[in-house]
Amino acid sequence: MVSASQPRAPAPRSLHQNIWPLTCYLFSADARTYAFSVAALAILSFFPFVLVLLTITKNVLHSQVMYDVVLQLLRDYLPASQDFVIRNLNVLVDARRRAQVASVLILLITSTGVFLPLEVALNRVWGFTAHRSFLRNLLISFGLAFASGLLALASVALTAGHQLLLQSMTGSDHGPLARVSTFVVMKVSAVAASIAIFFLIYWLLPNGKIPARAVLPAAAVVGLLWEAAKYLYIWSLPWLNFREVYGPFAVSVTLMIWAFLSGLLLLAGAHLSAVDHQERLP
């Protein structure tokens with residue numbers, strides 16, 4: 001029981017009371033600079049990451065089902081030009097080993113670049129003034145990239161296992177009910193993997209001690225909003241009409257803007273979790 005003389009912690013502000021400070025933060029030069037930096041490096045690392053994932057499923061695990069699930073996820077998550085991207089990735093997977101080794105090297109370099117500006121941005125959000133050394137940032141970036149790969153692979157394996165189970169039980173995985181159940185399992189496992197990746201970034205990347213319970217709700221909300229925002233972005237593409245403005249560069253611009261919006265959404269979740277945690281402190 002709290003005595004009358006003991007000071008009480010102020011009640012946390014509601015979500016609508018945090019909207020204006022969050023809006024100001026997202027429109028600040030810092031947030032937009034970090035989001036653009038993350039977007040550019042994320043695009044550079046995304047395709048090597050997918051190529052490595054496709055190579056592992058096809059040439060290491062020798063699972064055509066998992067390979068097909070990765071392609072299904074690409075069709076679902078890429079906002080535009082899915083067939084063009086998948087066709088070129090298939091060519092690279094079947095290419096000589098030199099292309100696959102180059103993809104691993106590029107992934108190692110660009111993944112570090114993605115997490116470096118993110119660490120600086122999250123440190124500012126949480127009020128941590130010291131940044132990690134280059135070597136420590138390199139280690140944690142490799143760790144987060146490896147964890148993200150394992151989560152993505154686990155999501156793919158879960159969906160592939162579901163397809164194999166359906167095939168063994170019914171003799172086919174191409175019926176309407178089978179397709180619907182496979183899609184649901186794929187979406188649920190992919191969203192769960194996204195939430196886990198957001199959580200690891202929020203929890204481990206800032207250079208300071210953050211309670212896991214302070215960032216878990218934000219990771220869950222951002223993971224779900226990211227999924228909804230993707231469909232909203234795809235729905236708006238005909239009105240944006242990038243192809244008329246950018247011509248042959250429309251695919252790159254479409255992906256870059258989606259990566260930028262994803263970076264802003266990630267920073268928004270970090271900002272809200274930091275504000276909420278600080279307000280709950282006595």
# chains A, B, ... in the order shown; residues from 1 in each chain; ligands from 1
call {"tool": "residues_around", "arguments": {"residues": "A:Leu216", "least_positions_apart": "6", "cutoff": "10 Å", "atoms": "only C-alpha atoms", "output": "list in words"}}
result
Ile195, Ala196, Phe198, Phe199, Leu200, Tyr202, Trp203, Val222 and Ser273 of chain A
call {"tool": "write_last_selection", "arguments": {"atoms": "C-alpha atoms", "output": "PDB file, in the first residue's frame"}}
result
ATOM      1  CA  ILE A 195       7.600  -9.186 -34.781  1.00  0.00           C
ATOM      2  CA  ALA A 196      10.537 -11.182 -33.424  1.00  0.00           C
ATOM      3  CA  PHE A 198      11.555  -5.908 -34.585  1.00  0.00           C
ATOM      4  CA  PHE A 199      11.804  -7.026 -30.957  1.00  0.00           C
ATOM      5  CA  LEU A 200      15.469  -8.031 -31.295  1.00  0.00           C
ATOM      6  CA  TYR A 202      14.497  -2.666 -30.280  1.00  0.00           C
ATOM      7  CA  TRP A 203      15.959  -4.692 -27.424  1.00  0.00           C
ATOM      8  CA  VAL A 222       4.803  -2.377 -35.464  1.00  0.00           C
ATOM      9  CA  SER A 273       8.164   2.578 -26.471  1.00  0.00           C
TER      10      SER A 273
END
call {"tool": "atom_distance", "arguments": {"atom1": "atom CA of A:Ala147", "atom2": "atom CA of A:Ser262"}}
result
19.3 Å
call {"tool": "atom_distance", "arguments": {"atom1": "atom CA of A:Leu166", "atom2": "atom CA of A:Leu153"}}
result
19.9 Å
call {"tool": "closest_residue", "arguments": {"among": "A:Tyr67, A:Tyr34, A:Phe47, A:Phe115", "to": "A:Leu92", "atoms": "only C-alpha atoms"}}
result
A:Phe47
call {"tool": "atom_distance", "arguments": {"atom1": "atom CA of A:Asp68", "atom2": "atom CA of A:Ala40"}}
result
27.4 Å
call {"tool": "closest_residue", "arguments": {"among": "A:Asn18, A:Asn88, A:Ser111, A:Thr57", "to": "A:Val156", "atoms": "only C-alpha atoms"}}
result
A:Thr57
call {"tool": "select_by_dssp", "arguments": {"residues": "stretch 64-209 of chain A", "states": "alpha helix (DSSP H)", "output": "JSON, numbers by chain"}}
result
{"A": [64, 65, 66, 67, 68, 69, 70, 71, 72, 73, 74, 75, 76, 77, 82, 83, 84, 85, 86, 87, 88, 89, 90, 91, 92, 93, 97, 98, 99, 100, 101, 102, 103, 104, 105, 106, 107, 108, 109, 110, 111, 112, 113, 114, 115, 116, 117, 118, 119, 120, 121, 122, 123, 124, 125, 126, 134, 135, 136, 137, 138, 139, 140, 141, 142, 143, 144, 145, 146, 147, 148, 149, 150, 151, 152, 153, 154, 155, 156, 157, 158, 159, 160, 161, 162, 163, 164, 165, 166, 167, 168, 169, 170, 176, 177, 178, 179, 180, 181, 182, 183, 184, 185, 186, 187, 188, 189, 190, 191, 192, 193, 194, 195, 196, 197, 198, 199, 200, 201, 202, 203, 204]}
call {"tool": "residues_around", "arguments": {"residues": "A:Leu150", "least_positions_apart": "6", "cutoff": "12 Å", "atoms": "only C-alpha atoms", "output": "list in words"}}
result
Phe49, Val52, Leu53, Ile56, Gly143, Leu144, Val156, Ala157, Ala193, Ser194, Ala196 and Ile197 of chain A
call {"tool": "closest_residue", "arguments": {"among": "A:Val91, A:Ala214, A:Val191, A:Val50", "to": "A:His271", "atoms": "only C-alpha atoms"}}
result
A:Ala214
